[in-house]
>>> print(open('run_20.tsv').read())   # TSV, C-alpha atoms
chain	number	residue	atom	x	y	z
Y	4	MET	CA	54.06	56.44	-46.57
Y	5	LYS	CA	55.16	53.76	-49.00
Y	6	LYS	CA	56.97	50.73	-47.59
Y	7	LYS	CA	59.95	50.43	-49.88
Y	8	LYS	CA	62.31	47.46	-50.04
Y	9	SER	CA	65.62	46.96	-51.83
Y	10	PHE	CA	65.04	46.32	-55.55
Y	11	PRO	CA	67.38	44.57	-58.04
Y	12	LEU	CA	69.49	47.02	-60.08
Y	13	GLY	CA	68.99	44.89	-63.19
Y	14	LYS	CA	65.25	45.66	-63.09
Y	15	VAL	CA	65.51	49.45	-62.69
Y	16	TYR	CA	64.76	49.90	-66.42
Y	17	THR	CA	61.23	48.57	-65.83
Y	18	LEU	CA	60.56	51.63	-63.65
Y	19	LEU	CA	61.93	54.39	-65.90
Y	20	GLU	CA	61.44	52.99	-69.41
Y	21	PRO	CA	57.68	53.78	-69.35
Y	22	GLY	CA	58.59	57.50	-69.06
Y	23	PRO	CA	57.11	58.67	-65.74
Y	24	VAL	CA	57.44	62.15	-64.29
Y	25	VAL	CA	60.02	61.96	-61.50
Y	26	LEU	CA	60.93	64.04	-58.47
Y	27	ILE	CA	64.70	64.51	-58.22
Y	28	THR	CA	66.08	65.30	-54.79
Y	29	THR	CA	69.48	66.84	-54.10
Y	30	SER	CA	71.28	67.91	-50.94
Y	31	HIS	CA	73.73	70.78	-51.03
Y	32	LYS	CA	75.23	72.99	-48.33
Y	33	GLY	CA	73.00	71.47	-45.69
Y	34	ALA	CA	69.71	71.97	-47.55
Y	35	HIS	CA	67.57	69.40	-49.38
Y	36	ASN	CA	65.74	70.35	-52.56
Y	37	ILE	CA	63.29	68.70	-54.99
Y	38	MET	CA	62.57	69.25	-58.66
Y	39	THR	CA	59.96	67.88	-61.06
Y	40	GLN	CA	61.49	66.29	-64.13
Y	41	SER	CA	60.45	64.34	-67.23
Y	42	TRP	CA	63.45	64.54	-69.54
Y	43	HIS	CA	65.26	61.33	-68.66
Y	44	MET	CA	65.91	57.96	-70.29
Y	45	MET	CA	67.55	54.60	-69.65
Y	46	MET	CA	71.00	54.22	-71.23
Y	47	GLU	CA	72.16	50.83	-69.89
Y	48	PHE	CA	70.55	47.86	-68.13
Y	49	GLU	CA	73.21	46.99	-65.55
Y	50	PRO	CA	74.71	48.82	-63.91
Y	51	PRO	CA	71.68	51.00	-64.72
Y	52	LEU	CA	72.60	54.27	-66.41
Y	53	VAL	CA	70.11	57.11	-66.76
Y	54	GLY	CA	70.46	60.16	-69.00
Y	55	CYS	CA	68.96	63.23	-67.42
Y	56	LEU	CA	68.59	66.84	-68.56
Y	57	ILE	CA	68.37	69.56	-65.92
Y	58	SER	CA	68.14	73.14	-67.09
Y	59	GLY	CA	70.90	75.44	-65.92
Y	60	ASN	CA	68.13	77.73	-64.59
Y	61	ASN	CA	67.13	75.12	-62.03
Y	62	TYR	CA	68.47	75.44	-58.52
Y	63	SER	CA	69.05	71.66	-58.61
Y	64	PHE	CA	71.51	72.06	-61.50
Y	65	ALA	CA	74.15	73.67	-59.29
Y	66	ALA	CA	73.57	71.10	-56.52
Y	67	LEU	CA	73.92	68.16	-58.91
Y	68	LYS	CA	77.01	69.65	-60.52
Y	69	ALA	CA	78.66	70.30	-57.17
Y	70	THR	CA	77.70	67.15	-55.25
Y	71	ARG	CA	77.41	64.70	-58.19
Y	72	GLU	CA	74.62	62.90	-56.32
Y	73	CYS	CA	70.84	62.81	-56.41
Y	74	VAL	CA	67.83	60.55	-55.86
Y	75	ILE	CA	65.25	59.91	-58.58
Y	76	ASN	CA	61.88	59.39	-56.89
Y	77	ILE	CA	58.83	58.18	-58.83
Y	78	PRO	CA	55.48	59.59	-57.70
Y	79	THR	CA	52.01	58.27	-58.47
Y	80	VAL	CA	48.80	60.15	-59.23
Y	81	ASP	CA	47.97	60.68	-55.54
Y	82	LEU	CA	50.93	63.12	-55.51
Y	83	ALA	CA	49.89	65.05	-58.65
Y	84	LYS	CA	49.27	68.28	-56.75
Y	85	GLN	CA	52.69	68.17	-55.06
Y	86	VAL	CA	54.36	67.35	-58.41
Y	87	VAL	CA	52.94	70.54	-59.92
Y	88	THR	CA	53.68	72.65	-56.84
Y	89	ILE	CA	57.32	71.52	-56.94
Y	90	GLY	CA	57.55	72.28	-60.66
Y	91	ASN	CA	56.20	75.79	-60.17
Y	92	CYS	CA	58.54	77.17	-57.53
Y	93	SER	CA	62.31	77.34	-57.06
Y	94	GLY	CA	64.42	75.92	-54.27
Y	95	ARG	CA	66.25	79.24	-54.37
Y	96	LYS	CA	63.27	80.86	-52.63
Y	97	VAL	CA	61.17	78.06	-51.21
Y	98	ASP	CA	61.71	75.09	-48.88
Y	99	LYS	CA	59.83	72.59	-51.01
Y	100	PHE	CA	59.57	70.06	-48.20
Y	101	ALA	CA	57.79	72.62	-46.00
Y	102	ARG	CA	55.63	73.75	-48.93
Y	103	THR	CA	54.49	70.26	-49.98
Y	104	GLY	CA	54.69	68.28	-46.74
Y	105	LEU	CA	56.75	65.56	-48.43
Y	106	THR	CA	58.96	63.57	-46.08
Y	107	PRO	CA	62.74	63.22	-46.58
Y	108	VAL	CA	64.17	59.85	-45.56
Y	109	GLY	CA	67.89	59.15	-45.31
Y	110	ALA	CA	69.35	57.29	-48.29
Y	111	SER	CA	71.96	54.56	-47.92
Y	112	LEU	CA	74.71	55.73	-50.27
Y	113	VAL	CA	74.08	59.40	-51.07
Y	114	GLN	CA	73.35	62.57	-49.12
Y	115	ALA	CA	70.19	63.42	-51.09
Y	116	PRO	CA	67.04	62.07	-49.41
Y	117	LEU	CA	64.48	59.50	-50.55
Y	118	LEU	CA	60.89	60.77	-50.63
Y	119	ALA	CA	58.78	58.62	-48.31
Y	120	GLU	CA	55.57	59.20	-50.28
Y	121	CYS	CA	57.00	57.97	-53.62
Y	122	TYR	CA	56.65	54.26	-54.44
Y	123	ALA	CA	60.19	54.06	-55.90
Y	124	SER	CA	63.47	55.85	-55.20
Y	125	LEU	CA	66.80	55.46	-57.01
Y	126	GLU	CA	70.03	56.61	-55.37
Y	127	CYS	CA	72.32	57.96	-58.12
Y	128	LYS	CA	75.76	59.39	-58.75
Y	129	VAL	CA	76.90	61.37	-61.78
Y	130	VAL	CA	79.22	59.30	-63.97
Y	131	ASP	CA	79.56	61.38	-67.15
Y	132	THR	CA	79.42	65.16	-67.59
Y	133	ARG	CA	80.74	65.43	-71.14
Y	134	LEU	CA	77.48	66.87	-72.46
Y	135	VAL	CA	76.67	69.10	-69.47
Y	136	ASN	CA	78.15	72.22	-71.04
Y	137	SER	CA	76.40	71.70	-74.39
Y	138	TYR	CA	73.00	70.38	-73.25
Y	139	ASN	CA	72.84	70.30	-69.41
Y	140	PHE	CA	72.83	66.54	-69.91
Y	141	PHE	CA	74.07	64.36	-67.04
Y	142	ILE	CA	74.60	60.60	-67.12
Y	143	LEU	CA	73.74	59.00	-63.78
Y	144	GLU	CA	74.46	55.54	-62.45
Y	145	VAL	CA	71.84	54.06	-60.15
Y	146	LEU	CA	73.70	52.74	-57.10
Y	147	LYS	CA	70.76	51.51	-55.06
Y	148	ALA	CA	67.06	51.10	-55.81
Y	149	TRP	CA	64.07	51.03	-53.44
Y	150	VAL	CA	60.52	50.03	-54.45
Y	151	ASP	CA	57.30	49.36	-52.55
Y	152	PRO	CA	56.58	45.73	-53.59
Y	153	ALA	CA	52.87	46.17	-52.85
Y	154	ILE	CA	52.50	48.47	-55.85
Y	155	LYS	CA	52.30	46.22	-58.88
Y	156	ASN	CA	50.74	48.55	-61.43
Y	157	PRO	CA	51.79	52.08	-60.37
Y	158	GLN	CA	49.56	54.90	-61.55
Y	159	THR	CA	52.50	57.03	-62.66
Y	160	LEU	CA	52.15	60.48	-64.22
Y	161	HIS	CA	53.35	61.23	-67.77
Y	162	HIS	CA	53.56	64.91	-68.70
Y	163	ARG	CA	51.92	66.05	-71.94
Y	164	GLY	CA	52.89	69.69	-71.33
Y	165	LYS	CA	51.40	72.66	-69.47
Y	166	GLY	CA	50.02	70.74	-66.52
Y	167	LYS	CA	48.35	67.99	-68.59
Y	168	PHE	CA	49.32	64.56	-67.34
Y	169	MET	CA	48.48	61.18	-68.76
Y	170	VAL	CA	47.87	58.77	-65.88
Y	171	ALA	CA	49.17	55.23	-66.40
Y	172	GLY	CA	46.34	52.96	-67.48
Y	173	GLU	CA	46.03	49.18	-67.68
Y	174	THR	CA	49.00	46.89	-68.35
Y	175	ILE	CA	48.85	44.38	-71.20
Y	176	LYS	CA	51.25	41.51	-71.80
Y	177	LEU	CA	52.27	40.17	-75.19
Y	178	PRO	CA	54.53	37.20	-75.92
Y	179	SER	CA	57.95	38.77	-76.49
Y	180	ARG	CA	61.66	37.96	-76.42
Y	181	MET	CA	62.51	41.64	-75.77
Y	182	LYS	CA	64.18	42.47	-72.47
K	28	MET	CA	45.47	54.78	-91.95
K	29	LYS	CA	45.93	57.88	-89.82
K	30	LYS	CA	45.37	61.25	-91.50
K	31	LYS	CA	48.40	63.20	-90.39
K	32	LYS	CA	48.87	66.95	-90.80
K	33	SER	CA	51.88	69.20	-90.26
K	34	PHE	CA	52.44	69.82	-86.52
K	35	PRO	CA	54.33	72.73	-84.88
K	36	LEU	CA	57.93	71.84	-83.99
K	37	GLY	CA	57.61	73.74	-80.71
K	38	LYS	CA	54.99	71.23	-79.55
K	39	VAL	CA	56.90	68.04	-80.37
K	40	TYR	CA	57.86	67.64	-76.69
K	41	THR	CA	54.19	67.01	-75.83
K	42	LEU	CA	54.39	63.82	-77.93
K	43	LEU	CA	57.64	62.32	-76.60
K	44	GLU	CA	57.82	63.62	-73.02
K	45	PRO	CA	55.21	61.08	-71.82
K	46	GLY	CA	57.64	58.30	-72.79
K	47	PRO	CA	55.85	56.23	-75.46
K	48	VAL	CA	57.29	53.24	-77.26
K	49	VAL	CA	58.26	54.39	-80.75
K	50	LEU	CA	58.93	52.74	-84.09
K	51	ILE	CA	62.05	54.16	-85.72
K	52	THR	CA	62.32	53.83	-89.48
K	53	THR	CA	65.52	54.10	-91.48
K	54	SER	CA	66.36	53.75	-95.15
K	55	HIS	CA	69.74	52.47	-96.21
K	56	LYS	CA	71.08	51.03	-99.49
K	57	GLY	CA	67.60	51.00	-101.00
K	58	ALA	CA	65.89	49.13	-98.15
K	59	HIS	CA	63.59	50.48	-95.45
K	60	ASN	CA	63.75	49.07	-91.93
K	61	ILE	CA	61.84	49.52	-88.64
K	62	MET	CA	62.86	49.05	-85.01
K	63	THR	CA	60.97	49.19	-81.73
K	64	GLN	CA	62.51	51.63	-79.26
K	65	SER	CA	61.81	53.10	-75.81
K	66	TRP	CA	65.14	54.62	-74.76
K	67	HIS	CA	64.67	58.21	-75.91
K	68	MET	CA	64.11	61.62	-74.30
K	69	MET	CA	63.55	65.26	-75.15
K	70	MET	CA	66.66	67.44	-74.88
K	71	GLU	CA	65.44	70.82	-76.20
K	72	PHE	CA	62.07	72.42	-76.97
K	73	GLU	CA	62.83	74.23	-80.24
K	74	PRO	CA	64.33	73.22	-82.47
K	75	PRO	CA	63.30	69.94	-80.86
K	76	LEU	CA	66.24	67.72	-79.94
K	77	VAL	CA	65.78	64.07	-79.00
K	78	GLY	CA	68.34	61.83	-77.34
K	79	CYS	CA	68.11	58.26	-78.58
K	80	LEU	CA	69.99	55.08	-77.74
K	81	ILE	CA	70.21	52.36	-80.37
K	82	SER	CA	72.21	49.26	-79.56
K	83	GLY	CA	75.10	48.48	-81.86
K	84	ASN	CA	73.56	45.03	-82.32
K	85	ASN	CA	70.56	46.53	-84.07
K	86	TYR	CA	70.54	46.57	-87.86
K	87	SER	CA	69.17	50.14	-87.60
K	88	PHE	CA	72.35	51.30	-85.85
K	89	ALA	CA	74.45	50.99	-89.01
K	90	ALA	CA	71.73	52.64	-91.11
K	91	LEU	CA	71.42	55.61	-88.74
K	92	LYS	CA	75.18	56.00	-88.47
K	93	ALA	CA	75.63	55.92	-92.25
K	94	THR	CA	72.63	57.98	-93.38
K	95	ARG	CA	72.25	60.25	-90.31
K	96	GLU	CA	68.48	60.25	-90.87
K	97	CYS	CA	65.45	58.49	-89.43
K	98	VAL	CA	61.76	58.90	-88.65
K	99	ILE	CA	60.38	58.45	-85.13
K	100	ASN	CA	56.84	57.07	-85.45
K	101	ILE	CA	54.51	56.82	-82.44
K	102	PRO	CA	52.14	53.84	-82.44
K	103	THR	CA	49.00	53.35	-80.35
K	104	VAL	CA	47.66	50.21	-78.68
K	105	ASP	CA	45.93	48.98	-81.87
K	106	LEU	CA	49.47	48.32	-83.19
K	107	ALA	CA	50.72	46.45	-80.09
K	108	LYS	CA	51.13	43.18	-81.94
K	109	GLN	CA	53.19	44.79	-84.71
K	110	VAL	CA	55.32	46.64	-82.12
K	111	VAL	CA	56.29	43.33	-80.53
K	112	THR	CA	56.82	41.57	-83.85
K	113	ILE	CA	59.18	44.35	-84.97
K	114	GLY	CA	61.07	44.15	-81.67
K	115	ASN	CA	61.53	40.40	-81.99
K	116	CYS	CA	63.14	40.11	-85.42
K	117	SER	CA	66.05	41.76	-87.21
K	118	GLY	CA	66.04	43.77	-90.43
K	119	ARG	CA	69.16	41.79	-91.32
K	120	LYS	CA	66.98	38.76	-92.03
K	121	VAL	CA	63.41	40.02	-92.31
K	122	ASP	CA	61.55	42.62	-94.38
K	123	LYS	CA	59.60	44.06	-91.47
K	124	PHE	CA	57.14	45.85	-93.75
K	125	ALA	CA	56.19	42.57	-95.40
K	126	ARG	CA	56.08	40.78	-92.01
K	127	THR	CA	53.82	43.37	-90.31
K	128	GLY	CA	51.85	44.86	-93.18
K	129	LEU	CA	52.75	48.39	-92.07
K	130	THR	CA	52.70	50.98	-94.86
K	131	PRO	CA	55.70	53.19	-95.70
K	132	VAL	CA	54.82	56.71	-96.84
K	133	GLY	CA	57.35	59.13	-98.34
K	134	ALA	CA	58.66	61.74	-95.91
K	135	SER	CA	59.26	65.35	-96.91
K	136	LEU	CA	62.86	65.93	-95.81
K	137	VAL	CA	64.45	62.51	-95.21
K	138	GLN	CA	64.72	59.21	-97.07
K	139	ALA	CA	63.33	57.12	-94.19
K	140	PRO	CA	59.57	56.56	-94.49
K	141	LEU	CA	56.68	57.65	-92.27
K	142	LEU	CA	54.49	54.78	-91.05
K	143	ALA	CA	50.93	55.39	-92.24
K	144	GLU	CA	49.36	53.50	-89.32
K	145	CYS	CA	51.09	55.59	-86.60
K	146	TYR	CA	49.28	58.71	-85.35
K	147	ALA	CA	52.50	60.78	-85.23
K	148	SER	CA	55.76	60.77	-87.24
K	149	LEU	CA	58.85	62.91	-86.71
K	150	GLU	CA	61.40	63.35	-89.49
K	151	CYS	CA	64.86	63.57	-87.89
K	152	LYS	CA	68.51	64.09	-88.68
K	153	VAL	CA	71.48	63.22	-86.46
K	154	VAL	CA	73.10	66.39	-85.06
K	155	ASP	CA	75.52	65.06	-82.42
K	156	THR	CA	77.42	61.78	-82.35
K	157	ARG	CA	79.87	62.54	-79.53
K	158	LEU	CA	78.45	59.80	-77.28
K	159	VAL	CA	77.84	57.19	-79.99
K	160	ASN	CA	81.12	55.36	-79.37
K	161	SER	CA	80.66	55.28	-75.58
K	162	TYR	CA	76.92	54.62	-75.28
K	163	ASN	CA	75.37	54.24	-78.79
K	164	PHE	CA	73.69	57.56	-77.95
K	165	PHE	CA	72.58	59.77	-80.85
K	166	ILE	CA	71.17	63.29	-80.60
K	167	LEU	CA	68.53	63.92	-83.25
K	168	GLU	CA	66.92	67.14	-84.40
K	169	VAL	CA	63.29	66.91	-85.45
K	170	LEU	CA	63.04	68.68	-88.81
K	171	LYS	CA	59.37	68.09	-89.55
K	172	ALA	CA	56.47	66.69	-87.50
K	173	TRP	CA	53.23	65.06	-88.62
K	174	VAL	CA	50.27	64.26	-86.33
K	175	ASP	CA	46.71	63.08	-86.85
K	176	PRO	CA	44.73	65.96	-85.29
K	177	ALA	CA	41.71	63.69	-84.70
K	178	ILE	CA	43.65	61.80	-81.99
K	179	LYS	CA	43.48	63.96	-78.86
K	180	ASN	CA	44.27	61.41	-76.18
K	181	PRO	CA	46.46	58.80	-77.89
K	182	GLN	CA	46.51	55.36	-76.29
K	183	THR	CA	50.27	55.06	-76.50
K	184	LEU	CA	52.27	52.06	-75.27
K	185	HIS	CA	54.85	52.35	-72.47
K	186	HIS	CA	57.16	49.37	-72.04
K	187	ARG	CA	57.57	47.87	-68.57
K	188	GLY	CA	59.92	45.15	-69.84
K	189	LYS	CA	59.52	41.66	-71.33
K	190	GLY	CA	56.43	42.39	-73.38
K	191	LYS	CA	54.49	44.11	-70.60
K	192	PHE	CA	53.14	47.45	-71.76
K	193	MET	CA	51.31	50.12	-69.80
K	194	VAL	CA	48.62	51.60	-72.03
K	195	ALA	CA	48.08	55.35	-71.67
K	196	GLY	CA	45.10	56.04	-69.43
K	197	GLU	CA	43.07	59.16	-68.77
K	198	THR	CA	44.55	62.68	-68.98
K	199	ILE	CA	44.22	65.04	-66.02
K	200	LYS	CA	44.93	68.78	-66.05
K	201	LEU	CA	46.29	70.78	-63.15
K	202	PRO	CA	46.89	74.53	-62.98
K	203	SER	CA	50.59	74.90	-63.83
K	204	ARG	CA	53.12	77.40	-65.13
K	205	MET	CA	55.34	74.57	-66.40
K	206	LYS	CA	55.90	74.38	-70.16
>>> encode(input="run_20.tsv", output="structure tokens")
Amino acid sequence: MKKKKSFPLGKVYTLLEPGPVVLITTSHKGAHNIMTQSWHMMMEFEPPLVGCLISGNNYSFAALKATRECVINIPTVDLAKQVVTIGNCSGRKVDKFARTGLTPVGASLVQAPLLAECYASLECKVVDTRLVNSYNFFILEVLKAWVDPAIKNPQTLHHRGKGKFMVAGETIKLPSRMK
Amino acid sequence: MKKKKSFPLGKVYTLLEPGPVVLITTSHKGAHNIMTQSWHMMMEFEPPLVGCLISGNNYSFAALKATRECVINIPTVDLAKQVVTIGNCSGRKVDKFARTGLTPVGASLVQAPLLAECYASLECKVVDTRLVNSYNFFILEVLKAWVDPAIKNPQTLHHRGKGKFMVAGETIKLPSRMK
């Protein structure tokens, strides 16, 4: 279990800008679900906006469209096996919490659960659906962020395709005026 | 200099899905420019579509809007200093090629140049501008991809904010049916 604390919304970009694989949770008609996802990007610093593509084939697509809420959870390499298991089955047929043993924790502002085992969780609502019909592209606003402050250099996963993941390596710091 | 060869369009997602910092080149009114960028994502496998946010403050914004063409170049850690230099000055005032010593190479289908020192370069055209006014969000189609086949496990840079970069670590492979 990660011990997450409230995290400033203005720093959410530092979590997603590096491009980690995420686990998106939804809650619809009394059932929680999880999907593995890599096609996301930051679109604004504050309030933080996140662009996010979820294929219409995914069970989570209907849940997100109907409820307009989700949680973006960021796993680290210790959860690699669960990340792949979640990506390889559908919530239509499988209770992914039972299958993976991941623990849902109540969020503060949305119905979708936080994942206890992930070092960061972002409670989100859908704020723009203009490109959903064309591209399955949702724009989310992060309403509340939770991060385990003990994890300074998270070993996030970065998908290279077909089950190959780059694991986050060392962090370097260069003098910069960039945000 | 990286020795890049033609790369299948259907595999472009394996380059961008991990979330690397990129160097976007444009060419406008006879002058080339470069910007450092991390807010991008894959939106379709083939033809590959890339969502890309470029602030209206950036000199490259006007070039991309006017010419509807650019090249997404992917640098590795050996170019970290140039990546930061490019991010910290504007093409309005500075010739970034002269400042960094990076080498422009003619592309095949667009006016914007490839960067010789980057291991991968993606020639792109703008295909959707519906969210440019609201978010400075462009959708690009990759027309042609170039990759140095000698570089199997590229040490890409992943921005954590304020000049802190995660450098790509080891690659792990798990059995998966995910694309």
>>> closest_residue(input="run_20.tsv", among="K:Asn180, K:Cys116, K:Phe165, K:Val111", to="Gly83 (chain K)", atoms="all atoms listed in the file")
K:Phe165
>>> interface_residues(input="run_20.tsv", of="chain Y", to="chain K", cutoff="8 Å", atoms="all atoms listed in the file", output="PyMOL selection string")
chain Y and resi 16-18+20-24+41-46+56+84+87-88+90-91+138+140+161-182
>>> closest_residue(input="run_20.tsv", among="K:Ala134, K:Ile51, K:Leu149, K:Met62", to="Gly118 (chain K)", atoms="only C-alpha atoms")
K:Met62
>>> atom_distance(input="run_20.tsv", atom1="CA of Val174 (chain K)", atom2="CA of Cys97 (chain K)")
16.5 Å
>>> atom_distance(input="run_20.tsv", atom1="CA of Asn61 (chain Y)", atom2="CA of Val113 (chain Y)")
20.4 Å
>>> closest_residue(input="run_20.tsv", among="K:Ala90, K:Ile99, K:Val169, K:Leu129", to="Ala147 (chain K)", atoms="all atoms listed in the file")
K:Ile99
>>> decode(input="run_20.tsv", residues="region 101-117 of chain K", atoms="N, CA, C and O atoms", output="compact mmCIF listing (two decimals), in the first residue's frame")
# COMPACT_ATOMS: atom_id res chain seq x y z
N ILE K 101 13.31 13.01 -32.19
CA ILE K 101 13.45 12.47 -30.83
C ILE K 101 14.92 12.42 -30.44
O ILE K 101 15.70 11.66 -31.02
N PRO K 102 15.30 13.24 -29.46
CA PRO K 102 16.70 13.26 -29.02
C PRO K 102 16.95 12.22 -27.92
O PRO K 102 16.01 11.75 -27.27
N THR K 103 18.20 11.90 -27.70
CA THR K 103 18.62 11.05 -26.59
C THR K 103 19.48 11.87 -25.63
O THR K 103 19.76 13.04 -25.88
N VAL K 104 19.87 11.23 -24.53
CA VAL K 104 20.48 11.97 -23.41
C VAL K 104 21.76 12.72 -23.80
O VAL K 104 22.08 13.75 -23.20
N ASP K 105 22.45 12.26 -24.83
CA ASP K 105 23.66 12.97 -25.29
C ASP K 105 23.33 14.38 -25.78
O ASP K 105 24.24 15.21 -25.91
N LEU K 106 22.06 14.65 -26.05
CA LEU K 106 21.65 15.99 -26.52
C LEU K 106 20.94 16.80 -25.43
O LEU K 106 20.30 17.82 -25.72
N ALA K 107 21.05 16.36 -24.18
CA ALA K 107 20.29 17.01 -23.09
C ALA K 107 20.57 18.51 -23.01
O ALA K 107 19.66 19.32 -22.81
N LYS K 108 21.82 18.88 -23.17
CA LYS K 108 22.18 20.29 -23.06
C LYS K 108 21.51 21.11 -24.16
O LYS K 108 20.96 22.18 -23.90
N GLN K 109 21.53 20.57 -25.38
CA GLN K 109 20.88 21.28 -26.50
C GLN K 109 19.37 21.37 -26.29
O GLN K 109 18.74 22.38 -26.62
N VAL K 110 18.77 20.29 -25.75
CA VAL K 110 17.32 20.27 -25.50
C VAL K 110 16.94 21.43 -24.57
O VAL K 110 15.95 22.13 -24.81
N VAL K 111 17.73 21.65 -23.54
CA VAL K 111 17.44 22.71 -22.58
C VAL K 111 17.72 24.09 -23.20
O VAL K 111 16.93 25.03 -23.04
N THR K 112 18.80 24.20 -23.91
CA THR K 112 19.12 25.47 -24.59
C THR K 112 17.98 25.88 -25.52
O THR K 112 17.53 27.04 -25.52
N ILE K 113 17.48 24.92 -26.30
CA ILE K 113 16.39 25.21 -27.25
C ILE K 113 15.12 25.62 -26.51
O ILE K 113 14.38 26.50 -26.95
N GLY K 114 14.87 24.99 -25.35
CA GLY K 114 13.68 25.31 -24.57
C GLY K 114 13.75 26.66 -23.87
O GLY K 114 12.74 27.20 -23.44
N ASN K 115 14.96 27.20 -23.77
CA ASN K 115 15.15 28.44 -23.00
C ASN K 115 15.40 29.69 -23.84
O ASN K 115 15.75 30.73 -23.29
N CYS K 116 15.24 29.57 -25.17
CA CYS K 116 15.34 30.79 -25.98
C CYS K 116 14.27 30.73 -27.06
O CYS K 116 13.65 29.69 -27.28
N SER K 117 14.01 31.85 -27.71
CA SER K 117 12.95 31.91 -28.71
C SER K 117 13.53 32.11 -30.11
O SER K 117 14.47 32.89 -30.30
